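Here is the file protein_5.cif (mmCIF, C-alpha atoms).
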data_my_file
#
loop_
_atom_site.group_PDB
_atom_site.id
_atom_site.type_symbol
_atom_site.label_atom_id
_atom_site.label_comp_id
_atom_site.auth_asym_id
_atom_site.auth_seq_id
_atom_site.Cartn_x
_atom_site.Cartn_y
_atom_site.Cartn_z
ATOM 1 C CA MET A 9 -8.858 1.473 14.038
ATOM 2 C CA GLY A 10 -7.128 4.787 13.893
ATOM 3 C CA ILE A 11 -3.452 5.294 14.322
ATOM 4 C CA ILE A 12 -0.796 2.711 15.181
ATOM 5 C CA LYS A 13 1.796 4.515 17.294
ATOM 6 C CA ASN A 14 5.584 4.237 17.287
ATOM 7 C CA VAL A 15 6.143 1.698 14.554
ATOM 8 C CA ASP A 16 9.211 1.058 12.423
ATOM 9 C CA LEU A 17 8.054 1.189 8.808
ATOM 10 C CA THR A 18 9.877 -0.296 5.817
ATOM 11 C CA LYS A 19 9.983 2.319 3.083
ATOM 12 C CA LYS A 20 10.003 0.000 0.072
ATOM 13 C CA ALA A 21 6.749 -1.766 -0.812
ATOM 14 C CA ASN A 22 6.315 -5.509 -1.168
ATOM 15 C CA ILE A 23 4.840 -6.145 -4.628
ATOM 16 C CA TYR A 24 3.247 -9.479 -5.590
ATOM 17 C CA PHE A 25 1.272 -10.671 -8.599
ATOM 18 C CA ASP A 26 2.232 -7.765 -10.868
ATOM 19 C CA GLY A 27 1.106 -5.266 -8.246
ATOM 20 C CA ASN A 28 -2.317 -6.790 -7.688
ATOM 21 C CA VAL A 29 -1.227 -7.455 -4.131
ATOM 22 C CA THR A 30 1.040 -4.936 -2.388
ATOM 23 C CA SER A 31 1.962 -4.422 1.227
ATOM 24 C CA ARG A 32 4.005 -2.321 3.629
ATOM 25 C CA SER A 33 5.963 -4.062 6.362
ATOM 26 C CA TYR A 34 6.243 -2.616 9.845
ATOM 27 C CA VAL A 35 7.200 -3.643 13.343
ATOM 28 C CA GLU A 36 4.903 -2.791 16.270
ATOM 29 C CA ASN A 37 6.164 -3.601 19.772
ATOM 30 C CA GLY A 38 8.620 -6.100 18.321
ATOM 31 C CA VAL A 39 5.970 -7.906 16.263
ATOM 32 C CA SER A 40 6.296 -8.059 12.453
ATOM 33 C CA LYS A 41 3.162 -6.999 10.605
ATOM 34 C CA SER A 42 2.137 -5.690 7.227
ATOM 35 C CA LEU A 43 -0.668 -3.561 5.862
ATOM 36 C CA GLY A 44 -1.698 -4.460 2.345
ATOM 37 C CA ILE A 45 -4.109 -4.110 -0.531
ATOM 38 C CA MET A 46 -5.410 -6.940 -2.697
ATOM 39 C CA MET A 47 -7.140 -6.168 -5.972
ATOM 40 C CA PRO A 48 -9.964 -8.504 -7.021
ATOM 41 C CA GLY A 49 -8.618 -11.836 -8.291
ATOM 42 C CA GLU A 50 -7.451 -15.230 -7.091
ATOM 43 C CA TYR A 51 -4.074 -15.774 -5.489
ATOM 44 C CA THR A 52 -2.129 -18.455 -3.641
ATOM 45 C CA PHE A 53 0.276 -17.569 -0.848
ATOM 46 C CA GLY A 54 2.655 -19.747 1.092
ATOM 47 C CA THR A 55 3.399 -19.062 4.748
ATOM 48 C CA GLN A 56 6.663 -19.403 6.624
ATOM 49 C CA LYS A 57 5.516 -18.085 10.001
ATOM 50 C CA ALA A 58 1.875 -18.487 10.999
ATOM 51 C CA GLU A 59 -0.257 -15.523 9.938
ATOM 52 C CA HIS A 60 -3.252 -13.731 11.445
ATOM 53 C CA MET A 61 -5.016 -11.929 8.596
ATOM 54 C CA GLU A 62 -7.431 -9.170 9.563
ATOM 55 C CA ILE A 63 -9.711 -7.892 6.818
ATOM 56 C CA ILE A 64 -9.964 -4.137 7.411
ATOM 57 C CA ALA A 65 -12.182 -3.489 4.377
ATOM 58 C CA GLY A 66 -13.338 -5.649 1.480
ATOM 59 C CA LYS A 67 -14.421 -9.260 1.151
ATOM 60 C CA VAL A 68 -12.526 -12.486 0.466
ATOM 61 C CA GLU A 69 -13.007 -16.228 0.408
ATOM 62 C CA VAL A 70 -10.139 -18.327 1.697
ATOM 63 C CA LEU A 71 -9.149 -21.986 1.517
ATOM 64 C CA ILE A 72 -6.352 -23.025 3.866
ATOM 65 C CA ALA A 73 -4.412 -25.936 2.414
ATOM 66 C CA CYS A 74 -3.512 -27.532 5.727
ATOM 67 C CA GLY A 75 -6.858 -26.873 7.422
ATOM 68 C CA ASP A 76 -10.250 -28.328 6.701
ATOM 69 C CA SER A 77 -10.955 -28.158 3.000
ATOM 70 C CA ASN A 78 -13.770 -25.602 2.989
ATOM 71 C CA TRP A 79 -13.829 -22.184 1.428
ATOM 72 C CA GLU A 80 -14.601 -19.627 4.134
ATOM 73 C CA GLU A 81 -15.966 -16.146 3.493
ATOM 74 C CA VAL A 82 -14.198 -13.406 5.453
ATOM 75 C CA ASN A 83 -15.655 -9.912 5.584
ATOM 76 C CA ALA A 84 -14.501 -6.529 6.847
ATOM 77 C CA GLY A 85 -13.860 -6.666 10.582
ATOM 78 C CA GLU A 86 -13.218 -10.418 10.518
ATOM 79 C CA TYR A 87 -9.985 -12.413 10.315
ATOM 80 C CA PHE A 88 -8.555 -15.790 9.423
ATOM 81 C CA GLU A 89 -5.412 -17.582 10.552
ATOM 82 C CA VAL A 90 -2.990 -19.731 8.613
ATOM 83 C CA PRO A 91 -0.493 -22.134 10.205
ATOM 84 C CA ALA A 92 3.238 -21.850 9.544
ATOM 85 C CA ASN A 93 4.670 -23.664 6.515
ATOM 86 C CA CYS A 94 1.257 -23.905 4.908
ATOM 87 C CA SER A 95 -0.446 -22.175 1.999
ATOM 88 C CA PHE A 96 -3.793 -20.635 1.278
ATOM 89 C CA ASP A 97 -5.856 -19.815 -1.770
ATOM 90 C CA ILE A 98 -7.716 -16.534 -1.623
ATOM 91 C CA LYS A 99 -10.472 -15.165 -3.846
ATOM 92 C CA VAL A 100 -10.633 -11.408 -3.462
ATOM 93 C CA LEU A 101 -14.212 -10.418 -4.281
ATOM 94 C CA GLU A 102 -13.811 -6.691 -3.596
ATOM 95 C CA ILE A 103 -10.688 -4.587 -3.262
ATOM 96 C CA THR A 104 -9.438 -5.569 0.175
ATOM 97 C CA ASP A 105 -7.430 -3.682 2.786
ATOM 98 C CA TYR A 106 -5.788 -6.041 5.260
ATOM 99 C CA CYS A 107 -3.431 -6.257 8.211
ATOM 100 C CA CYS A 108 -1.239 -9.352 8.512
ATOM 101 C CA THR A 109 0.447 -10.256 11.801
ATOM 102 C CA TYR A 110 3.263 -12.809 11.678
ATOM 103 C CA ILE A 111 3.070 -15.151 14.655
ATOM 104 C CA ASP A 112 6.202 -16.770 16.124
ATOM 105 C CA MET B 15 16.091 3.567 2.135
ATOM 106 C CA GLY B 16 15.563 0.972 4.797
ATOM 107 C CA ILE B 17 13.461 1.496 7.858
ATOM 108 C CA ILE B 18 11.686 4.665 8.959
ATOM 109 C CA LYS B 19 11.773 4.674 12.763
ATOM 110 C CA ASN B 20 9.091 5.713 15.260
ATOM 111 C CA VAL B 21 6.263 6.718 12.964
ATOM 112 C CA ASP B 22 2.539 6.906 13.639
ATOM 113 C CA LEU B 23 0.856 4.849 10.938
ATOM 114 C CA THR B 24 -2.797 5.089 9.887
ATOM 115 C CA LYS B 25 -4.214 1.590 9.708
ATOM 116 C CA LYS B 26 -6.815 2.159 7.009
ATOM 117 C CA ALA B 27 -5.594 2.569 3.432
ATOM 118 C CA ASN B 28 -6.323 5.515 1.161
ATOM 119 C CA ILE B 29 -7.845 4.109 -2.020
ATOM 120 C CA TYR B 30 -8.146 6.164 -5.224
ATOM 121 C CA PHE B 31 -9.140 5.350 -8.817
ATOM 122 C CA ASP B 32 -10.758 2.000 -7.981
ATOM 123 C CA GLY B 33 -7.624 0.871 -6.169
ATOM 124 C CA ASN B 34 -5.226 1.698 -8.972
ATOM 125 C CA VAL B 35 -3.625 4.180 -6.598
ATOM 126 C CA THR B 36 -3.426 3.325 -2.902
ATOM 127 C CA SER B 37 -1.441 4.784 -0.062
ATOM 128 C CA ARG B 38 -0.735 4.547 3.656
ATOM 129 C CA SER B 39 -0.530 7.749 5.681
ATOM 130 C CA TYR B 40 2.008 8.210 8.439
ATOM 131 C CA VAL B 41 3.575 10.946 10.524
ATOM 132 C CA GLU B 42 7.351 11.108 10.906
ATOM 133 C CA ASN B 43 8.771 13.711 13.303
ATOM 134 C CA GLY B 44 5.535 15.699 13.045
ATOM 135 C CA VAL B 45 5.549 15.705 9.231
ATOM 136 C CA SER B 46 2.642 14.109 7.336
ATOM 137 C CA LYS B 47 3.720 11.671 4.650
ATOM 138 C CA SER B 48 2.347 8.733 2.720
ATOM 139 C CA LEU B 49 3.771 5.667 1.037
ATOM 140 C CA GLY B 50 1.828 4.555 -2.012
ATOM 141 C CA ILE B 51 1.553 2.397 -5.073
ATOM 142 C CA MET B 52 0.346 3.524 -8.494
ATOM 143 C CA MET B 53 -0.574 0.949 -11.105
ATOM 144 C CA PRO B 54 0.126 1.849 -14.750
ATOM 145 C CA GLY B 55 -2.385 4.376 -16.056
ATOM 146 C CA GLU B 56 -3.072 8.106 -16.201
ATOM 147 C CA TYR B 57 -4.392 10.042 -13.239
ATOM 148 C CA THR B 58 -4.997 13.636 -12.150
ATOM 149 C CA PHE B 59 -4.522 14.706 -8.545
ATOM 150 C CA GLY B 60 -5.250 18.004 -6.862
ATOM 151 C CA THR B 61 -3.077 19.300 -4.052
ATOM 152 C CA GLN B 62 -4.066 21.180 -0.919
ATOM 153 C CA LYS B 63 -0.652 21.375 0.728
ATOM 154 C CA ALA B 64 2.453 21.404 -1.449
ATOM 155 C CA GLU B 65 3.802 17.926 -2.111
ATOM 156 C CA HIS B 66 7.277 16.449 -2.539
ATOM 157 C CA MET B 67 6.872 13.195 -4.467
ATOM 158 C CA GLU B 68 9.802 10.767 -4.313
ATOM 159 C CA ILE B 69 9.712 7.893 -6.784
ATOM 160 C CA ILE B 70 11.105 4.899 -4.880
ATOM 161 C CA ALA B 71 10.639 2.444 -7.760
ATOM 162 C CA GLY B 72 8.970 2.680 -11.145
ATOM 163 C CA LYS B 73 8.715 5.389 -13.784
ATOM 164 C CA VAL B 74 6.260 8.235 -14.359
ATOM 165 C CA GLU B 75 5.751 11.299 -16.489
ATOM 166 C CA VAL B 76 4.242 14.320 -14.786
ATOM 167 C CA LEU B 77 2.661 17.581 -15.921
ATOM 168 C CA ILE B 78 2.176 20.176 -13.191
ATOM 169 C CA ALA B 79 -0.797 22.386 -13.996
ATOM 170 C CA CYS B 80 0.548 25.526 -12.339
ATOM 171 C CA GLY B 81 4.170 25.056 -13.423
ATOM 172 C CA ASP B 82 5.682 25.222 -16.863
ATOM 173 C CA SER B 83 3.628 23.178 -19.271
ATOM 174 C CA ASN B 84 6.076 20.378 -20.020
ATOM 175 C CA TRP B 85 5.760 16.701 -19.291
ATOM 176 C CA GLU B 86 8.727 15.632 -17.163
ATOM 177 C CA GLU B 87 9.942 12.051 -16.833
ATOM 178 C CA VAL B 88 10.682 11.012 -13.252
ATOM 179 C CA ASN B 89 12.514 7.768 -12.543
ATOM 180 C CA ALA B 90 13.306 5.715 -9.475
ATOM 181 C CA GLY B 91 15.449 7.727 -7.060
ATOM 182 C CA GLU B 92 14.168 11.046 -8.423
ATOM 183 C CA TYR B 93 11.386 13.359 -7.221
ATOM 184 C CA PHE B 94 9.070 16.140 -8.303
ATOM 185 C CA GLU B 95 7.334 18.869 -6.336
ATOM 186 C CA VAL B 96 3.860 20.311 -6.731
ATOM 187 C CA PRO B 97 2.747 23.652 -5.246
ATOM 188 C CA ALA B 98 -0.200 23.908 -2.873
ATOM 189 C CA ASN B 99 -3.679 24.335 -4.378
ATOM 190 C CA CYS B 100 -2.502 23.050 -7.732
ATOM 191 C CA SER B 101 -3.014 19.837 -9.680
ATOM 192 C CA PHE B 102 -0.891 17.463 -11.672
ATOM 193 C CA ASP B 103 -1.429 14.876 -14.372
ATOM 194 C CA ILE B 104 0.642 11.735 -14.043
ATOM 195 C CA LYS B 105 1.271 8.937 -16.522
ATOM 196 C CA VAL B 106 2.449 5.857 -14.653
ATOM 197 C CA LEU B 107 4.544 3.868 -17.111
ATOM 198 C CA GLU B 108 5.534 1.083 -14.719
ATOM 199 C CA ILE B 109 4.083 0.107 -11.362
ATOM 200 C CA THR B 110 5.404 2.828 -9.098
ATOM 201 C CA ASP B 111 6.243 2.869 -5.399
ATOM 202 C CA TYR B 112 6.345 6.426 -4.034
ATOM 203 C CA CYS B 113 6.737 8.492 -0.903
ATOM 204 C CA CYS B 114 4.785 11.753 -0.664
ATOM 205 C CA THR B 115 5.721 14.435 1.860
ATOM 206 C CA TYR B 116 3.179 17.177 2.556
ATOM 207 C CA ILE B 117 4.897 20.544 2.924
ATOM 208 C CA ASP B 118 3.428 23.298 5.123
#
Could you spell out this file's structure in structure tokens?
Amino acid sequence: MGIIKNVDLTKKANIYFDGNVTSRSYVENGVSKSLGIMMPGEYTFGTQKAEHMEIIAGKVEVLIACGDSNWEEVNAGEYFEVPANCSFDIKVLEITDYCCTYID
Amino acid sequence: MGIIKNVDLTKKANIYFDGNVTSRSYVENGVSKSLGIMMPGEYTFGTQKAEHMEIIAGKVEVLIACGDSNWEEVNAGEYFEVPANCSFDIKVLEITDYCCTYID
């Protein structure tokens, strides 16, 4: 956990769903990532690049549209991955702190 | 605006008021700062160090407990400052993206 060194941080927030999901974009060693917060609720996101979603704190259930059609519970310390050009539904059961890595 | 280069970013979010205020701490050139989001509502914060609060987007009204006793409107592109060991009440009128600098 701790501190992520020497990143380039975008000052302006990304705000989705009336602020119920917000994130901060940064670049670490040339890799685009974001740190975000999701308030409890249900959301659908589309992907352009593939995404690795690490749940830092909180609890979600996720259904990946182009994967097998099962809801999967993802807890703090766990992650899920979403292919490029796909979408996922997410049920945020507790306020959730996450780190998203965009995969080329 | 744009990109803040070469910062050390704390991975875990700061979460206040049930997630209605969240922030990300970082250090830029040895100076502690945070980027945060406030959802509409009214909040009271105490300060330890003095704070320079830049409103990146949104709109607030602020009352600084140890300053003159007037509510001041602060809009996007503006800032307010709070002395150390003080407190301030803030009415967030629109979802607000801010940058806080802690002043030694």
message: Please expand the PyMOL selection byres ((chain B) within 8 of (chain A)) into the concrete residues it hits in this file, giving the result as a VMD selection string.
response: chain B and resid 15 to 27 33 36 49 51 53 70 109 111
Keeping only C-alpha atoms, take the residues you just selected and write them out as a CSV table (one decimal), in the coordinates of the input.
chain,number,residue,atom,x,y,z
B,15,MET,CA,16.1,3.6,2.1
B,16,GLY,CA,15.6,1.0,4.8
B,17,ILE,CA,13.5,1.5,7.9
B,18,ILE,CA,11.7,4.7,9.0
B,19,LYS,CA,11.8,4.7,12.8
B,20,ASN,CA,9.1,5.7,15.3
B,21,VAL,CA,6.3,6.7,13.0
B,22,ASP,CA,2.5,6.9,13.6
B,23,LEU,CA,0.9,4.8,10.9
B,24,THR,CA,-2.8,5.1,9.9
B,25,LYS,CA,-4.2,1.6,9.7
B,26,LYS,CA,-6.8,2.2,7.0
B,27,ALA,CA,-5.6,2.6,3.4
B,33,GLY,CA,-7.6,0.9,-6.2
B,36,THR,CA,-3.4,3.3,-2.9
B,49,LEU,CA,3.8,5.7,1.0
B,51,ILE,CA,1.6,2.4,-5.1
B,53,MET,CA,-0.6,0.9,-11.1
B,70,ILE,CA,11.1,4.9,-4.9
B,109,ILE,CA,4.1,0.1,-11.4
B,111,ASP,CA,6.2,2.9,-5.4
Is it possible to get the superposed chain B, fitted on chain A over all Cα pairs by sequence order, as a PDB file with C-alpha atoms, in the frame of the given file?
ATOM      1  CA  MET B  15      -8.795   1.371  14.045  1.00  0.00           C
ATOM      2  CA  GLY B  16      -7.135   4.736  13.897  1.00  0.00           C
ATOM      3  CA  ILE B  17      -3.452   5.286  14.337  1.00  0.00           C
ATOM      4  CA  ILE B  18      -0.791   2.716  15.189  1.00  0.00           C
ATOM      5  CA  LYS B  19       1.798   4.522  17.314  1.00  0.00           C
ATOM      6  CA  ASN B  20       5.597   4.242  17.287  1.00  0.00           C
ATOM      7  CA  VAL B  21       6.153   1.699  14.547  1.00  0.00           C
ATOM      8  CA  ASP B  22       9.216   1.067  12.408  1.00  0.00           C
ATOM      9  CA  LEU B  23       8.050   1.197   8.804  1.00  0.00           C
ATOM     10  CA  THR B  24       9.874  -0.279   5.804  1.00  0.00           C
ATOM     11  CA  LYS B  25       9.973   2.331   3.073  1.00  0.00           C
ATOM     12  CA  LYS B  26      10.000   0.020   0.068  1.00  0.00           C
ATOM     13  CA  ALA B  27       6.761  -1.760  -0.826  1.00  0.00           C
ATOM     14  CA  ASN B  28       6.310  -5.507  -1.176  1.00  0.00           C
ATOM     15  CA  ILE B  29       4.839  -6.127  -4.620  1.00  0.00           C
ATOM     16  CA  TYR B  30       3.255  -9.461  -5.597  1.00  0.00           C
ATOM     17  CA  PHE B  31       1.262 -10.670  -8.618  1.00  0.00           C
ATOM     18  CA  ASP B  32       2.237  -7.751 -10.870  1.00  0.00           C
ATOM     19  CA  GLY B  33       1.108  -5.266  -8.238  1.00  0.00           C
ATOM     20  CA  ASN B  34      -2.310  -6.788  -7.696  1.00  0.00           C
ATOM     21  CA  VAL B  35      -1.224  -7.453  -4.126  1.00  0.00           C
ATOM     22  CA  THR B  36       1.028  -4.935  -2.389  1.00  0.00           C
ATOM     23  CA  SER B  37       1.956  -4.423   1.218  1.00  0.00           C
ATOM     24  CA  ARG B  38       4.009  -2.317   3.611  1.00  0.00           C
ATOM     25  CA  SER B  39       5.962  -4.059   6.358  1.00  0.00           C
ATOM     26  CA  TYR B  40       6.240  -2.614   9.836  1.00  0.00           C
ATOM     27  CA  VAL B  41       7.201  -3.640  13.345  1.00  0.00           C
ATOM     28  CA  GLU B  42       4.913  -2.799  16.258  1.00  0.00           C
ATOM     29  CA  ASN B  43       6.164  -3.595  19.771  1.00  0.00           C
ATOM     30  CA  GLY B  44       8.628  -6.104  18.314  1.00  0.00           C
ATOM     31  CA  VAL B  45       5.965  -7.905  16.261  1.00  0.00           C
ATOM     32  CA  SER B  46       6.298  -8.049  12.459  1.00  0.00           C
ATOM     33  CA  LYS B  47       3.169  -7.001  10.607  1.00  0.00           C
ATOM     34  CA  SER B  48       2.139  -5.688   7.222  1.00  0.00           C
ATOM     35  CA  LEU B  49      -0.664  -3.556   5.859  1.00  0.00           C
ATOM     36  CA  GLY B  50      -1.691  -4.454   2.331  1.00  0.00           C
ATOM     37  CA  ILE B  51      -4.094  -4.110  -0.534  1.00  0.00           C
ATOM     38  CA  MET B  52      -5.407  -6.944  -2.696  1.00  0.00           C
ATOM     39  CA  MET B  53      -7.143  -6.167  -5.963  1.00  0.00           C
ATOM     40  CA  PRO B  54      -9.967  -8.508  -7.026  1.00  0.00           C
ATOM     41  CA  GLY B  55      -8.615 -11.819  -8.292  1.00  0.00           C
ATOM     42  CA  GLU B  56      -7.447 -15.226  -7.092  1.00  0.00           C
ATOM     43  CA  TYR B  57      -4.067 -15.765  -5.496  1.00  0.00           C
ATOM     44  CA  THR B  58      -2.126 -18.456  -3.635  1.00  0.00           C
ATOM     45  CA  PHE B  59       0.286 -17.570  -0.849  1.00  0.00           C
ATOM     46  CA  GLY B  60       2.661 -19.753   1.109  1.00  0.00           C
ATOM     47  CA  THR B  61       3.404 -19.076   4.754  1.00  0.00           C
ATOM     48  CA  GLN B  62       6.664 -19.417   6.647  1.00  0.00           C
ATOM     49  CA  LYS B  63       5.511 -18.084  10.008  1.00  0.00           C
ATOM     50  CA  ALA B  64       1.874 -18.477  11.006  1.00  0.00           C
ATOM     51  CA  GLU B  65      -0.255 -15.527   9.949  1.00  0.00           C
ATOM     52  CA  HIS B  66      -3.251 -13.728  11.442  1.00  0.00           C
ATOM     53  CA  MET B  67      -5.011 -11.938   8.583  1.00  0.00           C
ATOM     54  CA  GLU B  68      -7.431  -9.166   9.564  1.00  0.00           C
ATOM     55  CA  ILE B  69      -9.704  -7.891   6.810  1.00  0.00           C
ATOM     56  CA  ILE B  70      -9.974  -4.135   7.401  1.00  0.00           C
ATOM     57  CA  ALA B  71     -12.183  -3.492   4.361  1.00  0.00           C
ATOM     58  CA  GLY B  72     -13.344  -5.644   1.477  1.00  0.00           C
ATOM     59  CA  LYS B  73     -14.427  -9.262   1.146  1.00  0.00           C
ATOM     60  CA  VAL B  74     -12.535 -12.489   0.465  1.00  0.00           C
ATOM     61  CA  GLU B  75     -13.014 -16.224   0.400  1.00  0.00           C
ATOM     62  CA  VAL B  76     -10.148 -18.326   1.694  1.00  0.00           C
ATOM     63  CA  LEU B  77      -9.157 -21.988   1.514  1.00  0.00           C
ATOM     64  CA  ILE B  78      -6.370 -23.024   3.877  1.00  0.00           C
ATOM     65  CA  ALA B  79      -4.420 -25.925   2.411  1.00  0.00           C
ATOM     66  CA  CYS B  80      -3.517 -27.546   5.724  1.00  0.00           C
ATOM     67  CA  GLY B  81      -6.855 -26.887   7.438  1.00  0.00           C
ATOM     68  CA  ASP B  82     -10.250 -28.332   6.706  1.00  0.00           C
ATOM     69  CA  SER B  83     -10.955 -28.154   3.010  1.00  0.00           C
ATOM     70  CA  ASN B  84     -13.753 -25.592   2.990  1.00  0.00           C
ATOM     71  CA  TRP B  85     -13.815 -22.168   1.433  1.00  0.00           C
ATOM     72  CA  GLU B  86     -14.597 -19.620   4.149  1.00  0.00           C
ATOM     73  CA  GLU B  87     -15.966 -16.142   3.487  1.00  0.00           C
ATOM     74  CA  VAL B  88     -14.203 -13.406   5.452  1.00  0.00           C
ATOM     75  CA  ASN B  89     -15.659  -9.907   5.584  1.00  0.00           C
ATOM     76  CA  ALA B  90     -14.506  -6.535   6.830  1.00  0.00           C
ATOM     77  CA  GLY B  91     -13.864  -6.663  10.578  1.00  0.00           C
ATOM     78  CA  GLU B  92     -13.225 -10.419  10.511  1.00  0.00           C
ATOM     79  CA  TYR B  93      -9.987 -12.421  10.313  1.00  0.00           C
ATOM     80  CA  PHE B  94      -8.558 -15.802   9.424  1.00  0.00           C
ATOM     81  CA  GLU B  95      -5.415 -17.578  10.565  1.00  0.00           C
ATOM     82  CA  VAL B  96      -3.000 -19.735   8.611  1.00  0.00           C
ATOM     83  CA  PRO B  97      -0.489 -22.130  10.213  1.00  0.00           C
ATOM     84  CA  ALA B  98       3.237 -21.854   9.566  1.00  0.00           C
ATOM     85  CA  ASN B  99       4.666 -23.667   6.529  1.00  0.00           C
ATOM     86  CA  CYS B 100       1.250 -23.900   4.928  1.00  0.00           C
ATOM     87  CA  SER B 101      -0.441 -22.178   2.003  1.00  0.00           C
ATOM     88  CA  PHE B 102      -3.790 -20.635   1.285  1.00  0.00           C
ATOM     89  CA  ASP B 103      -5.853 -19.809  -1.769  1.00  0.00           C
ATOM     90  CA  ILE B 104      -7.716 -16.526  -1.628  1.00  0.00           C
ATOM     91  CA  LYS B 105     -10.470 -15.168  -3.850  1.00  0.00           C
ATOM     92  CA  VAL B 106     -10.636 -11.400  -3.468  1.00  0.00           C
ATOM     93  CA  LEU B 107     -14.208 -10.413  -4.276  1.00  0.00           C
ATOM     94  CA  GLU B 108     -13.817  -6.691  -3.603  1.00  0.00           C
ATOM     95  CA  ILE B 109     -10.695  -4.580  -3.256  1.00  0.00           C
ATOM     96  CA  THR B 110      -9.443  -5.561   0.172  1.00  0.00           C
ATOM     97  CA  ASP B 111      -7.436  -3.673   2.778  1.00  0.00           C
ATOM     98  CA  TYR B 112      -5.795  -6.052   5.263  1.00  0.00           C
ATOM     99  CA  CYS B 113      -3.443  -6.260   8.205  1.00  0.00           C
ATOM    100  CA  CYS B 114      -1.242  -9.352   8.510  1.00  0.00           C
ATOM    101  CA  THR B 115       0.446 -10.259  11.792  1.00  0.00           C
ATOM    102  CA  TYR B 116       3.260 -12.816  11.689  1.00  0.00           C
ATOM    103  CA  ILE B 117       3.058 -15.160  14.671  1.00  0.00           C
ATOM    104  CA  ASP B 118       6.184 -16.791  16.135  1.00  0.00           C
TER     105      ASP B 118
END
Sorted per-residue table, range 22-43 of chain A near range 52-57 of chain A, closest atoms and distance, 12 Å, only C-alpha atoms, as CSV:
residue,atom,partner,partner_atom,distance
A:Tyr24,CA,A:Phe53,CA,9.8
A:Phe25,CA,A:Thr52,CA,9.8
A:Val29,CA,A:Phe53,CA,10.7
A:Val39,CA,A:Lys57,CA,12.0
A:Ser40,CA,A:Lys57,CA,10.4
A:Lys41,CA,A:Lys57,CA,11.3
Export of prior selection with C-alpha atoms as a short mmCIF file (atom, residue, chain, number, x, y, z; two decimals), keeping the file's coordinate frame:
data_model
loop_
_atom_site.label_atom_id
_atom_site.label_comp_id
_atom_site.auth_asym_id
_atom_site.auth_seq_id
_atom_site.Cartn_x
_atom_site.Cartn_y
_atom_site.Cartn_z
CA TYR A 24 3.25 -9.48 -5.59
CA PHE A 25 1.27 -10.67 -8.60
CA VAL A 29 -1.23 -7.46 -4.13
CA VAL A 39 5.97 -7.91 16.26
CA SER A 40 6.30 -8.06 12.45
CA LYS A 41 3.16 -7.00 10.60
#
Can you write out as CSV which residues of range 26-70 of chain B fall within 7 Å of range 78-93 of chain B, alongside each residue's closest atom pair and its distance in Å to one decimal, counting only C-alpha atoms and ordering rows by chain and ascending residue number?
residue,atom,partner,partner_atom,distance
B:His66,CA,B:Tyr93,CA,7.0
B:Met67,CA,B:Tyr93,CA,5.3
B:Glu68,CA,B:Tyr93,CA,4.2
B:Ile69,CA,B:Ala90,CA,5.0
B:Ile70,CA,B:Ala90,CA,5.2
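CA of Glu56 in chain B is found 7.2 Å from CA of Asp103 in chain B.
Taking CA of Leu77 in chain B and CA of Phe102 in chain B as the two end points, the separation is 5.5 Å.
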Give the padded box for range 52-56 of chain B as AutoDock Vina command-line options: axis-aligned, covering all atoms listed in the file, 6 Å on each side, centre and edge lengths in Å to one decimal.
--center_x -1.4 --center_y 4.5 --center_z -12.3 --size_x 15.4 --size_y 19.2 --size_z 19.7
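Across the structure, CA of Asn99 in chain B and CA of Val76 in chain B are spaced 16.5 Å apart.
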